[in-house]
>>> print(open('data25.csv').read())   # CSV, C-alpha atoms
chain,number,residue,atom,x,y,z
A,1,ASN,CA,-5.9,-2.0,-19.4
A,2,MET,CA,-9.4,-0.7,-19.0
A,3,PRO,CA,-12.4,-2.7,-20.0
A,4,SER,CA,-14.9,-0.9,-22.1
A,5,VAL,CA,-17.9,0.2,-20.0
A,6,GLY,CA,-21.0,0.8,-22.1
A,7,ASN,CA,-23.5,0.6,-19.2
A,8,PRO,CA,-21.7,1.1,-15.9
A,9,SER,CA,-24.6,-0.2,-13.7
A,10,LYS,CA,-24.8,-3.4,-15.9
A,11,SER,CA,-21.1,-3.9,-15.6
A,12,LEU,CA,-21.2,-3.5,-11.8
A,13,GLU,CA,-23.8,-6.3,-11.7
A,14,THR,CA,-21.3,-8.7,-13.2
A,15,ILE,CA,-18.7,-8.1,-10.5
A,16,PRO,CA,-18.2,-11.2,-8.3
A,17,LYS,CA,-18.6,-10.5,-4.5
A,18,GLN,CA,-15.6,-12.7,-3.9
A,19,PRO,CA,-13.0,-12.6,-6.7
A,20,ALA,CA,-11.6,-16.1,-7.1
A,21,THR,CA,-8.2,-15.0,-8.4
A,22,MET,CA,-5.9,-12.0,-8.4
A,23,GLN,CA,-6.6,-11.4,-12.1
A,24,GLU,CA,-10.4,-11.4,-11.4
A,25,LEU,CA,-9.8,-8.9,-8.5
A,26,ILE,CA,-7.8,-6.6,-10.8
A,27,SER,CA,-10.5,-6.8,-13.5
A,28,SER,CA,-13.2,-6.1,-10.9
A,29,LEU,CA,-11.4,-3.2,-9.5
A,30,ASN,CA,-11.0,-1.7,-13.0
A,31,THR,CA,-14.7,-2.0,-13.5
A,32,VAL,CA,-15.6,-0.5,-10.1
A,33,MET,CA,-13.2,2.4,-10.5
A,34,GLY,CA,-14.3,3.2,-14.1
A,35,ASP,CA,-12.8,6.5,-15.0
A,36,GLN,CA,-12.9,7.8,-11.4
A,37,ALA,CA,-10.3,8.3,-8.6
A,38,LEU,CA,-10.9,6.5,-5.4
A,39,GLY,CA,-11.9,9.5,-3.3
A,40,GLU,CA,-14.6,10.9,-5.6
A,41,ASN,CA,-17.4,9.2,-3.7
A,42,ASN,CA,-17.8,7.0,-0.7
A,43,GLU,CA,-19.7,4.3,-2.6
A,44,THR,CA,-16.7,3.5,-4.7
A,45,VAL,CA,-14.5,3.4,-1.6
A,46,GLN,CA,-16.8,0.8,0.0
A,47,ARG,CA,-17.0,-1.3,-3.2
A,48,VAL,CA,-13.2,-1.3,-3.5
A,49,LYS,CA,-12.9,-2.3,0.2
A,50,LYS,CA,-15.4,-5.2,-0.2
A,51,LEU,CA,-13.6,-6.5,-3.3
A,52,MET,CA,-10.3,-6.5,-1.6
A,53,ARG,CA,-11.8,-8.2,1.5
A,54,GLY,CA,-13.6,-10.7,-0.6
A,55,TYR,CA,-10.5,-12.0,-2.4
A,56,VAL,CA,-8.8,-14.8,-0.4
A,57,SER,CA,-5.1,-14.6,-1.0
A,58,LYS,CA,-3.5,-17.5,-3.0
A,59,SER,CA,0.3,-17.3,-3.5
A,60,GLN,CA,0.1,-18.7,-7.0
A,61,ASP,CA,-1.9,-15.6,-8.0
A,62,TRP,CA,0.6,-13.0,-7.0
A,63,GLU,CA,4.0,-14.6,-6.6
A,64,LYS,CA,5.2,-13.4,-10.0
A,65,TYR,CA,4.7,-9.8,-8.7
A,66,ALA,CA,6.4,-10.5,-5.3
A,67,VAL,CA,10.0,-9.7,-6.4
A,68,TYR,CA,12.3,-9.0,-3.5
A,69,GLN,CA,16.0,-8.0,-3.4
A,70,GLU,CA,17.7,-9.4,-0.4
A,71,GLY,CA,19.0,-6.6,1.9
A,72,ALA,CA,16.3,-4.2,1.0
A,73,ARG,CA,13.7,-3.1,3.5
A,74,TYR,CA,10.9,-3.7,1.0
A,75,THR,CA,10.2,-3.6,-2.7
A,76,ARG,CA,7.4,-1.8,-4.5
A,77,ASN,CA,6.3,-3.7,-7.7
A,78,LEU,CA,3.7,-2.4,-10.1
A,79,VAL,CA,0.9,-4.8,-10.8
A,80,ASP,CA,-1.5,-2.7,-12.8
A,81,ASP,CA,-1.7,0.9,-14.1
A,82,GLY,CA,-5.5,1.1,-13.6
A,83,ASN,CA,-7.2,4.0,-15.3
A,84,GLY,CA,-4.4,6.5,-14.8
A,85,LYS,CA,-6.2,7.8,-11.6
A,86,TYR,CA,-5.1,4.8,-9.5
A,87,ASN,CA,-2.6,2.0,-9.7
A,88,LEU,CA,-2.0,-1.3,-7.9
A,89,LEU,CA,1.3,-2.3,-6.3
A,90,ILE,CA,2.6,-5.4,-4.5
A,91,LEU,CA,5.1,-4.7,-1.7
A,92,VAL,CA,7.4,-7.3,-0.3
A,93,TRP,CA,8.6,-6.6,3.3
A,94,GLY,CA,11.9,-8.1,4.5
A,95,GLU,CA,12.1,-9.8,7.9
A,96,ASN,CA,12.1,-7.2,10.8
A,97,GLN,CA,12.0,-4.3,8.4
A,98,ALA,CA,9.8,-1.2,8.4
A,99,SER,CA,8.9,1.8,6.3
A,100,PRO,CA,9.8,5.3,7.4
A,101,ILE,CA,7.0,7.3,8.9
A,102,HIS,CA,5.4,8.8,5.8
A,103,ASP,CA,2.5,10.6,4.2
A,104,HIS,CA,0.6,9.7,1.0
A,105,ALA,CA,0.9,12.9,-0.9
A,106,GLY,CA,-2.9,13.5,-0.7
A,107,SER,CA,-3.8,10.1,-2.2
A,108,HIS,CA,-6.1,7.4,-0.9
A,109,CYS,CA,-4.4,4.1,0.0
A,110,MET,CA,-6.2,0.8,0.4
A,111,MET,CA,-4.0,-2.1,1.5
A,112,LYS,CA,-4.6,-5.8,1.7
A,113,LEU,CA,-2.2,-8.2,3.4
A,114,LEU,CA,-1.6,-11.1,1.1
A,115,ASP,CA,0.9,-13.1,3.3
A,116,GLY,CA,2.5,-12.8,6.7
A,117,GLN,CA,2.0,-10.1,9.4
A,118,LEU,CA,2.4,-6.4,9.4
A,119,ASP,CA,2.1,-3.7,12.1
A,120,GLU,CA,0.8,-0.2,11.5
A,121,ASP,CA,1.7,2.7,13.7
A,122,LEU,CA,-0.4,5.8,13.2
A,123,PHE,CA,1.0,9.2,14.0
A,124,ALA,CA,-0.5,12.7,14.2
A,125,TRP,CA,0.9,15.3,11.8
A,126,PRO,CA,3.5,17.6,13.5
A,127,ALA,CA,1.7,20.3,15.4
A,128,ASN,CA,4.1,23.0,14.2
A,129,GLU,CA,6.6,22.2,11.4
A,130,ALA,CA,8.7,25.2,12.5
A,131,GLU,CA,9.4,23.7,15.9
A,132,GLU,CA,11.0,20.3,16.6
A,133,SER,CA,9.0,17.9,18.6
A,134,ASN,CA,8.3,14.2,18.9
A,135,LEU,CA,5.6,12.9,16.6
A,136,LYS,CA,2.6,11.8,18.6
A,137,LYS,CA,1.6,8.1,18.1
A,138,LYS,CA,-2.2,7.8,17.9
A,139,ARG,CA,-2.4,4.0,17.9
A,140,SER,CA,-0.8,0.8,16.8
A,141,ALA,CA,-2.6,-2.2,15.2
A,142,GLY,CA,-1.6,-5.6,13.9
A,143,LEU,CA,-2.6,-6.8,10.4
A,144,ASN,CA,-2.9,-10.5,9.6
A,145,THR,CA,-3.2,-12.3,6.2
A,146,ASN,CA,-6.3,-11.1,4.3
A,147,SER,CA,-6.8,-8.0,6.5
A,148,VAL,CA,-7.7,-4.8,4.7
A,149,ALA,CA,-6.7,-1.3,5.9
A,150,TYR,CA,-7.4,2.2,4.5
A,151,MET,CA,-5.2,5.3,4.9
A,152,HIS,CA,-5.3,9.0,3.9
A,153,ASP,CA,-3.4,12.1,4.9
A,154,LYS,CA,-6.6,13.3,6.7
A,155,ILE,CA,-6.2,10.4,9.1
A,156,GLY,CA,-2.5,11.1,9.8
A,157,LEU,CA,0.9,9.6,9.0
A,158,HIS,CA,1.9,6.0,9.4
A,159,ARG,CA,4.7,3.5,9.5
A,160,ILE,CA,4.3,-0.1,8.4
A,161,SER,CA,6.6,-2.8,9.7
A,162,ASN,CA,7.1,-6.6,9.5
A,163,PRO,CA,7.5,-7.9,13.0
A,164,SER,CA,8.6,-11.4,12.0
A,165,SER,CA,12.2,-12.4,12.2
A,166,GLY,CA,11.6,-15.5,10.1
A,167,LYS,CA,9.1,-14.6,7.4
A,168,LYS,CA,8.6,-11.9,4.7
A,169,ALA,CA,5.3,-10.2,4.3
A,170,VAL,CA,3.5,-9.4,1.1
A,171,SER,CA,0.8,-6.7,0.7
A,172,LEU,CA,-1.4,-5.3,-2.2
A,173,HIS,CA,-1.8,-1.6,-2.3
A,174,LEU,CA,-4.2,0.6,-4.3
A,175,TYR,CA,-3.1,4.2,-4.6
A,176,SER,CA,-5.4,6.9,-6.0
A,177,PRO,CA,-4.2,9.0,-7.5
A,178,PRO,CA,-0.8,7.4,-8.2
A,179,TYR,CA,2.2,9.4,-6.9
A,180,ASP,CA,5.9,9.4,-7.3
A,181,MET,CA,6.9,11.7,-4.4
A,182,CYS,CA,6.0,11.6,-0.7
A,183,LYS,CA,7.3,13.0,2.6
A,184,VAL,CA,9.1,11.0,5.3
A,185,PHE,CA,9.2,12.2,8.9
A,186,ASP,CA,11.7,11.9,11.7
A,187,GLU,CA,9.9,10.5,14.7
A,188,SER,CA,12.0,12.4,17.3
A,189,THR,CA,11.9,15.9,15.6
A,190,GLY,CA,9.0,15.8,13.2
A,191,ALA,CA,11.2,17.0,10.4
A,192,ALA,CA,10.0,16.2,6.9
A,193,THR,CA,12.1,15.2,3.9
A,194,SER,CA,10.9,14.7,0.3
A,195,ALA,CA,11.3,11.1,-0.9
A,196,ASN,CA,10.9,9.1,-4.1
A,197,CYS,CA,7.9,6.7,-3.9
A,198,ALA,CA,7.8,5.5,-7.5
A,199,ALA,CA,7.0,1.9,-8.2
A,200,GLN,CA,9.2,-0.4,-10.2
A,201,ARG,CA,7.9,-2.1,-13.3
A,202,LEU,CA,8.6,-5.8,-13.6
A,203,GLY,CA,10.4,-7.3,-16.5
A,204,ARG,CA,13.1,-4.6,-16.8
A,205,SER,CA,16.7,-5.4,-16.7
A,206,GLU,CA,17.4,-3.2,-13.6
A,207,HIS,CA,15.2,-5.6,-11.5
A,208,SER,CA,12.7,-4.4,-9.0
A,209,THR,CA,14.1,-2.7,-5.9
A,210,CYS,CA,12.8,-0.7,-3.0
A,211,SER,CA,12.2,2.9,-3.9
A,212,ILE,CA,9.9,4.6,-1.5
A,213,THR,CA,12.7,6.8,-0.5
A,214,SER,CA,16.3,7.5,-1.3
A,215,SER,CA,18.7,4.6,-1.1
A,216,SER,CA,20.1,5.8,2.2
A,217,ILE,CA,16.6,5.4,3.8
A,218,CYS,CA,15.2,2.6,1.7
A,219,GLU,CA,17.8,-0.1,1.0
A,220,LYS,CA,19.7,-0.2,4.3
A,221,PRO,CA,17.9,-2.3,7.0
A,222,LEU,CA,16.3,-0.4,9.8
A,223,ARG,CA,16.5,-1.5,13.4
A,224,PRO,CA,14.4,-4.6,14.0
A,225,ALA,CA,10.7,-3.9,14.1
A,226,THR,CA,9.0,-5.0,17.3
A,227,ARG,CA,5.3,-5.7,17.6
A,228,SER,CA,3.6,-3.2,20.0
A,229,THR,CA,1.9,-4.6,23.1
>>> encode(input="data25.csv", output="structure tokens")
Amino acid sequence: NMPSVGNPSKSLETIPKQPATMQELISSLNTVMGDQALGENNETVQRVKKLMRGYVSKSQDWEKYAVYQEGARYTRNLVDDGNGKYNLLILVWGENQASPIHDHAGSHCMMKLLDGQLDEDLFAWPANEAEESNLKKKRSAGLNTNSVAYMHDKIGLHRISNPSSGKKAVSLHLYSPPYDMCKVFDESTGAATSANCAAQRLGRSEHSTCSITSSSICEKPLRPATRST
């Protein structure tokens, strides 16, 4: 639901530096993005990052979006369709669960941790897709509540994991442009497989379930995630 923007610069002046609620954050993001995609200029990227950093997470703001199906690795729940060139999702991560190593189909991804802890492992792209070889891990980093991270295919591939055995994690993601398909990678061989990354819309009878990949990858628990030292 896009607000009408008669004078973009005037609209930007009304954006709060620290959105007080999730709804205020969504409205502010809609105004900042206008009719653009996230990667069209660096100024928009920085404004989006500042807004997401400025919002202090409150569970009462987002708990209605944080739908989780027990036994799934994680769920992907649509929060807002944005302007058609981006969307907002809330992901709920099960205890000791992780995503596959994946790309972002050329899209920009901004992620804010709303609750819990997450670890990010960053990998280089396979040097030669025709030859099997281990993916090279570039770095690992821990994210705490209210942390904001940015990812794009130019940076590499990544895996997100919840290292906690006793607490789920909840994260807010802005994807621009939105995408339904991505690639997942085998860490030991570098082999890539196409995967379904579509978000689930809340309020439908089928309930919201994890759908970043096929059910064989997505819904069965992975080995427990361990925090890198």
>>> residues_around(input="data25.csv", residues="Val184 in chain A", least_positions_apart="6", cutoff="10 Å", atoms="all atoms listed in the file", output="list in words")
Ser99, Pro100, Ile101, His102, Asp103, His104, Leu157, His158, Arg159, Gly190, Ala191, Ala192, Thr193, Ser194, Ala195, Asn196, Ile212, Thr213 and Ile217 of chain A
>>> residues_near_point(input="data25.csv", point="(13.2, -5.7, -2.9)", cutoff="8 Å", atoms="only C-alpha atoms", output="PyMOL selection string")
chain A and resi 67-76+92-94+208-210
>>> closest_residue(input="data25.csv", among="A:Lys112, A:Lys17, A:Arg201, A:Arg139", to="Ser171 in chain A", atoms="only C-alpha atoms")
A:Lys112
>>> closest_residue(input="data25.csv", among="A:Leu88, A:Val56, A:Ala124, A:Val79", to="Thr145 in chain A", atoms="all atoms listed in the file")
A:Val56
>>> atom_distance(input="data25.csv", atom1="CA of Asp35 in chain A", atom2="CA of Leu89 in chain A")
18.8 Å
>>> closest_residue(input="data25.csv", among="A:Ser165, A:Asn134, A:Gln18, A:Ser107", to="Asp180 in chain A", atoms="all atoms listed in the file")
A:Ser107
>>> closest_atom_pairs(input="data25.csv", of="range 173-200 of chain A", to="range 45-55 of chain A", cutoff="12 Å", atoms="only C-alpha atoms", output="CSV")
residue,atom,partner,partner_atom,distance
A:His173,CA,A:Met52,CA,9.8
A:Leu174,CA,A:Val48,CA,9.2
A:Tyr175,CA,A:Val48,CA,11.6
A:Ser176,CA,A:Val45,CA,10.7
>>> atom_distance(input="data25.csv", atom1="CA of Pro16 in chain A", atom2="CA of Glu40 in chain A")
22.6 Å
>>> closest_residue(input="data25.csv", among="A:Asp186, A:Glu131, A:Asp119, A:Asp61", to="Ser164 in chain A", atoms="only C-alpha atoms")
A:Asp119
>>> closest_residue(input="data25.csv", among="A:Ala37, A:Val148, A:Ile90, A:Ala127", to="Leu113 in chain A", atoms="all atoms listed in the file")
A:Val148
>>> atom_distance(input="data25.csv", atom1="CA of Asn87 in chain A", atom2="CA of Lys154 in chain A")
20.3 Å
>>> closest_residue(input="data25.csv", among="A:Thr189, A:Ser59, A:Pro163, A:Asn77", to="Asn128 in chain A", atoms="all atoms listed in the file")
A:Thr189
>>> decode(input="data25.csv", residues="range 155-204 of chain A", atoms="N, CA and C atoms", output="compact mmCIF listing (two decimals), in the first residue's frame")
# COMPACT_ATOMS: atom_id res chain seq x y z
N ILE A 155 28.60 -9.69 -3.03
CA ILE A 155 29.38 -9.93 -1.82
C ILE A 155 29.71 -11.41 -1.69
N GLY A 156 28.79 -12.27 -2.14
CA GLY A 156 29.00 -13.71 -2.08
C GLY A 156 27.71 -14.46 -1.77
N LEU A 157 27.87 -15.64 -1.22
CA LEU A 157 26.77 -16.48 -0.77
C LEU A 157 26.77 -16.49 0.75
N HIS A 158 25.61 -16.80 1.36
CA HIS A 158 25.67 -16.92 2.81
C HIS A 158 24.71 -17.97 3.34
N ARG A 159 24.96 -18.29 4.61
CA ARG A 159 24.10 -19.20 5.38
C ARG A 159 23.78 -18.50 6.70
N ILE A 160 22.51 -18.50 7.06
CA ILE A 160 22.07 -17.92 8.33
C ILE A 160 21.64 -19.05 9.25
N SER A 161 22.06 -18.98 10.52
CA SER A 161 21.71 -20.04 11.45
C SER A 161 21.36 -19.47 12.82
N ASN A 162 20.50 -20.18 13.52
CA ASN A 162 20.14 -19.84 14.89
C ASN A 162 20.95 -20.76 15.81
N PRO A 163 21.92 -20.23 16.55
CA PRO A 163 22.79 -21.07 17.36
C PRO A 163 22.17 -21.51 18.68
N SER A 164 21.00 -20.94 19.02
CA SER A 164 20.41 -21.22 20.33
C SER A 164 19.64 -22.54 20.33
N SER A 165 19.81 -23.30 21.39
CA SER A 165 19.05 -24.54 21.56
C SER A 165 17.77 -24.31 22.35
N GLY A 166 17.58 -23.09 22.87
CA GLY A 166 16.43 -22.84 23.72
C GLY A 166 15.56 -21.67 23.32
N LYS A 167 15.87 -21.01 22.20
CA LYS A 167 15.11 -19.82 21.82
C LYS A 167 15.07 -19.67 20.31
N LYS A 168 13.88 -19.38 19.78
CA LYS A 168 13.75 -19.08 18.36
C LYS A 168 14.33 -17.69 18.09
N ALA A 169 14.57 -17.40 16.85
CA ALA A 169 15.01 -16.07 16.43
C ALA A 169 14.02 -15.54 15.40
N VAL A 170 13.87 -14.22 15.35
CA VAL A 170 12.94 -13.58 14.43
C VAL A 170 13.68 -12.45 13.72
N SER A 171 13.58 -12.40 12.39
CA SER A 171 14.28 -11.38 11.63
C SER A 171 13.37 -10.76 10.57
N LEU A 172 13.61 -9.47 10.29
CA LEU A 172 12.87 -8.72 9.27
C LEU A 172 13.77 -8.56 8.05
N HIS A 173 13.25 -8.89 6.86
CA HIS A 173 14.05 -8.84 5.64
C HIS A 173 13.37 -7.96 4.59
N LEU A 174 14.15 -7.08 3.98
CA LEU A 174 13.69 -6.31 2.83
C LEU A 174 14.44 -6.86 1.61
N TYR A 175 13.68 -7.36 0.63
CA TYR A 175 14.26 -7.89 -0.60
C TYR A 175 13.87 -6.99 -1.77
N SER A 176 14.86 -6.60 -2.57
CA SER A 176 14.59 -5.71 -3.69
C SER A 176 15.49 -6.07 -4.87
N PRO A 177 14.89 -6.48 -6.00
CA PRO A 177 13.45 -6.74 -6.18
C PRO A 177 13.05 -8.06 -5.51
N PRO A 178 11.74 -8.25 -5.26
CA PRO A 178 11.28 -9.53 -4.70
C PRO A 178 11.61 -10.67 -5.65
N TYR A 179 11.78 -11.86 -5.13
CA TYR A 179 12.05 -13.01 -6.00
C TYR A 179 11.45 -14.28 -5.42
N ASP A 180 11.14 -15.22 -6.30
CA ASP A 180 10.51 -16.48 -5.90
C ASP A 180 11.45 -17.68 -6.02
N MET A 181 12.53 -17.51 -6.80
CA MET A 181 13.47 -18.61 -6.99
C MET A 181 14.89 -18.15 -6.66
N CYS A 182 15.66 -19.04 -6.04
CA CYS A 182 17.06 -18.75 -5.76
C CYS A 182 17.85 -20.04 -5.97
N LYS A 183 19.14 -20.01 -5.68
CA LYS A 183 19.97 -21.21 -5.77
C LYS A 183 20.53 -21.55 -4.40
N VAL A 184 20.57 -22.84 -4.09
CA VAL A 184 21.21 -23.31 -2.87
C VAL A 184 22.43 -24.14 -3.27
N PHE A 185 23.44 -24.13 -2.40
CA PHE A 185 24.74 -24.69 -2.75
C PHE A 185 25.19 -25.74 -1.74
N ASP A 186 25.80 -26.79 -2.25
CA ASP A 186 26.39 -27.83 -1.41
C ASP A 186 27.77 -27.36 -0.96
N GLU A 187 27.98 -27.31 0.35
CA GLU A 187 29.24 -26.76 0.86
C GLU A 187 30.46 -27.59 0.43
N SER A 188 30.29 -28.90 0.33
CA SER A 188 31.44 -29.76 0.05
C SER A 188 31.77 -29.87 -1.44
N THR A 189 30.78 -29.62 -2.31
CA THR A 189 31.03 -29.76 -3.75
C THR A 189 30.86 -28.46 -4.53
N GLY A 190 30.14 -27.50 -3.97
CA GLY A 190 29.83 -26.26 -4.68
C GLY A 190 28.70 -26.38 -5.66
N ALA A 191 28.09 -27.58 -5.74
CA ALA A 191 27.00 -27.80 -6.69
C ALA A 191 25.78 -26.96 -6.31
N ALA A 192 25.14 -26.38 -7.33
CA ALA A 192 23.99 -25.50 -7.12
C ALA A 192 22.69 -26.19 -7.55
N THR A 193 21.61 -25.90 -6.81
CA THR A 193 20.29 -26.43 -7.12
C THR A 193 19.28 -25.29 -7.05
N SER A 194 18.37 -25.20 -8.00
CA SER A 194 17.32 -24.17 -7.96
C SER A 194 16.35 -24.48 -6.83
N ALA A 195 15.84 -23.43 -6.19
CA ALA A 195 14.98 -23.62 -5.03
C ALA A 195 13.88 -22.56 -5.00
N ASN A 196 12.76 -22.92 -4.42
CA ASN A 196 11.62 -22.03 -4.27
C ASN A 196 11.81 -21.15 -3.05
N CYS A 197 11.82 -19.83 -3.26
CA CYS A 197 12.04 -18.88 -2.16
C CYS A 197 10.82 -17.99 -1.92
N ALA A 198 9.66 -18.40 -2.39
CA ALA A 198 8.46 -17.56 -2.27
C ALA A 198 8.03 -17.43 -0.82
N ALA A 199 7.53 -16.25 -0.47
CA ALA A 199 7.01 -16.01 0.88
C ALA A 199 5.58 -16.50 0.99
N GLN A 200 5.17 -16.81 2.20
CA GLN A 200 3.79 -17.20 2.46
C GLN A 200 2.99 -15.99 2.94
N ARG A 201 1.78 -15.85 2.44
CA ARG A 201 0.90 -14.77 2.88
C ARG A 201 0.09 -15.25 4.08
N LEU A 202 0.03 -14.42 5.10
CA LEU A 202 -0.70 -14.79 6.30
C LEU A 202 -2.20 -14.72 6.07
N GLY A 203 -2.94 -15.44 6.88
CA GLY A 203 -4.38 -15.39 6.79
C GLY A 203 -4.98 -16.39 5.85
N ARG A 204 -4.15 -17.21 5.20
CA ARG A 204 -4.68 -18.24 4.30
C ARG A 204 -4.80 -19.56 5.05
